[in-house]
Amino acid sequence: MMSLMEDRGRTTQLLRQARDGVPHAVDLLYDRIGARLLALVRLRLDATTARYTEPEDVVQEVLLKAFRHIGDFEKDTSRSFFAWLAIIASNTIRDLRAGLLQQKRDARLTTSADQVSMEIADTHRSAVSRIIIDEKLSRLEHALAALKPRHREIILLRRFEERSFPEIGAVMDLKEDAARMLFTRAMAALTRSMEP
């Protein structure tokens, strides 16, 4: 069984190879995290932003940012690779949402949210288009989407972004103990919704 450090090293190596255009590195990287990252993006996109951009394009932008900032990942030993990507995804979606709001305020602005992913190579596009979410991940995604917004948010912050309860409390304007209690209730609700 591969240790956490070996897995982190392998993921970093794949990320570097994908950035450098090594054949099949992108596919191997997507096999590791693609379906999970796509599910997270779908859950994070609000209805308005989702009308103007595809989840796959957001995934592409997240990976492009990861390629550019691999050094940041290597320095941050406190988070897993996926948690690091989840934070990039949340920030990317927030920036897309802010851009769309700015466009509504200023009709003269011509930058489209769809242009965000134009820098990504065609090989990355074709790899994303091949992502197939398995049945368990699809069930989880639907169950999370059906939760109350605060329950969904705290699960995403804790399980996907691997944030601590003090961090969650700051994001959700809760005391640490209240964040723990909300997370417990959210997980119970998720468990109930996943039951056959």
# chains A, B, ... in the order shown; residues from 1 in each chain; ligands from 1
call {"tool": "residues_around", "arguments": {"residues": "region 172-179 of chain A", "least_positions_apart": "5", "cutoff": "9 Å", "atoms": "only C-alpha atoms", "output": "VMD selection string"}}
result
chain A and resid 150 153 to 154 165 to 167 184
call {"tool": "closest_residue", "arguments": {"among": "A:Arg185, A:Arg44, A:Arg97, A:Lys75", "to": "Glu161 (chain A)", "atoms": "only C-alpha atoms"}}
result
A:Arg44
call {"tool": "closest_residue", "arguments": {"among": "A:Leu29, A:Ala186, A:Leu45, A:Ala50", "to": "Lys148 (chain A)", "atoms": "only C-alpha atoms"}}
result
A:Ala186
call {"tool": "closest_residue", "arguments": {"among": "A:Gln17, A:Ser90, A:Ser164, A:Ser193", "to": "Arg180 (chain A)", "atoms": "only C-alpha atoms"}}
result
A:Ser164
call {"tool": "closest_residue", "arguments": {"among": "A:Leu157, A:Val26, A:Leu38, A:Ile70", "to": "Thr12 (chain A)", "atoms": "only C-alpha atoms"}}
result
A:Ile70
call {"tool": "closest_residue", "arguments": {"among": "A:Tyr52, A:Val62, A:Arg79, A:Asp27", "to": "Leu100 (chain A)", "atoms": "only C-alpha atoms"}}
result
A:Tyr52
call {"tool": "closest_residue", "arguments": {"among": "A:Phe67, A:Phe82, A:Phe73, A:Phe183", "to": "Gly169 (chain A)", "atoms": "only C-alpha atoms"}}
result
A:Phe183
call {"tool": "atom_distance", "arguments": {"atom1": "CA of Ala98 (chain A)", "atom2": "CA of Arg159 (chain A)"}}
result
25.2 Å
call {"tool": "decode", "arguments": {"residues": "region 14-43 of chain A", "atoms": "N, CA and C atoms", "output": "compact mmCIF listing (two decimals), in the first residue's frame"}}
result
# COMPACT_ATOMS: atom_id res chain seq x y z
N LEU A 14 3.04 13.69 -11.38
CA LEU A 14 2.07 13.70 -12.47
C LEU A 14 1.68 15.12 -12.86
N LEU A 15 1.52 15.97 -11.87
CA LEU A 15 1.16 17.36 -12.14
C LEU A 15 2.25 18.06 -12.95
N ARG A 16 3.50 17.85 -12.55
CA ARG A 16 4.63 18.44 -13.28
C ARG A 16 4.69 17.89 -14.72
N GLN A 17 4.51 16.57 -14.86
CA GLN A 17 4.56 15.96 -16.19
C GLN A 17 3.42 16.47 -17.07
N ALA A 18 2.24 16.59 -16.49
CA ALA A 18 1.09 17.10 -17.26
C ALA A 18 1.36 18.52 -17.72
N ARG A 19 1.90 19.34 -16.83
CA ARG A 19 2.23 20.72 -17.18
C ARG A 19 3.24 20.77 -18.31
N ASP A 20 4.20 19.83 -18.29
CA ASP A 20 5.27 19.81 -19.28
C ASP A 20 4.89 19.08 -20.56
N GLY A 21 3.65 18.58 -20.64
CA GLY A 21 3.17 17.94 -21.87
C GLY A 21 3.56 16.49 -22.04
N VAL A 22 3.93 15.80 -20.98
CA VAL A 22 4.28 14.38 -21.07
C VAL A 22 3.02 13.59 -21.46
N PRO A 23 3.10 12.77 -22.51
CA PRO A 23 1.93 12.02 -22.95
C PRO A 23 1.33 11.18 -21.81
N HIS A 24 0.05 11.15 -21.74
CA HIS A 24 -0.74 10.35 -20.78
C HIS A 24 -0.68 10.84 -19.34
N ALA A 25 0.17 11.82 -19.02
CA ALA A 25 0.24 12.30 -17.63
C ALA A 25 -1.07 12.98 -17.24
N VAL A 26 -1.64 13.73 -18.17
CA VAL A 26 -2.92 14.40 -17.89
C VAL A 26 -4.00 13.37 -17.62
N ASP A 27 -4.03 12.31 -18.45
CA ASP A 27 -5.04 11.26 -18.26
C ASP A 27 -4.88 10.58 -16.91
N LEU A 28 -3.65 10.30 -16.52
CA LEU A 28 -3.42 9.66 -15.22
C LEU A 28 -3.82 10.58 -14.07
N LEU A 29 -3.54 11.87 -14.23
CA LEU A 29 -3.93 12.84 -13.22
C LEU A 29 -5.45 12.92 -13.11
N TYR A 30 -6.14 12.96 -14.24
CA TYR A 30 -7.60 12.98 -14.24
C TYR A 30 -8.18 11.71 -13.63
N ASP A 31 -7.53 10.58 -13.91
CA ASP A 31 -8.00 9.32 -13.30
C ASP A 31 -7.97 9.40 -11.79
N ARG A 32 -6.98 10.11 -11.26
CA ARG A 32 -6.84 10.26 -9.81
C ARG A 32 -7.88 11.19 -9.21
N ILE A 33 -8.14 12.32 -9.88
CA ILE A 33 -8.94 13.36 -9.22
C ILE A 33 -10.07 13.94 -10.06
N GLY A 34 -10.13 13.60 -11.32
CA GLY A 34 -11.05 14.25 -12.23
C GLY A 34 -12.51 14.19 -11.85
N ALA A 35 -13.02 12.99 -11.60
CA ALA A 35 -14.45 12.83 -11.31
C ALA A 35 -14.83 13.53 -10.01
N ARG A 36 -13.97 13.41 -9.01
CA ARG A 36 -14.25 14.05 -7.73
C ARG A 36 -14.22 15.58 -7.83
N LEU A 37 -13.26 16.09 -8.59
CA LEU A 37 -13.16 17.54 -8.77
C LEU A 37 -14.35 18.06 -9.57
N LEU A 38 -14.76 17.34 -10.59
CA LEU A 38 -15.92 17.75 -11.38
C LEU A 38 -17.19 17.76 -10.52
N ALA A 39 -17.35 16.76 -9.67
CA ALA A 39 -18.50 16.73 -8.76
C ALA A 39 -18.49 17.93 -7.82
N LEU A 40 -17.33 18.25 -7.28
CA LEU A 40 -17.21 19.41 -6.39
C LEU A 40 -17.60 20.70 -7.12
N VAL A 41 -17.10 20.87 -8.33
CA VAL A 41 -17.40 22.08 -9.10
C VAL A 41 -18.90 22.17 -9.38
N ARG A 42 -19.52 21.08 -9.76
CA ARG A 42 -20.96 21.09 -10.02
C ARG A 42 -21.73 21.51 -8.77
N LEU A 43 -21.29 21.03 -7.62
CA LEU A 43 -21.97 21.37 -6.38
C LEU A 43 -21.73 22.82 -5.97
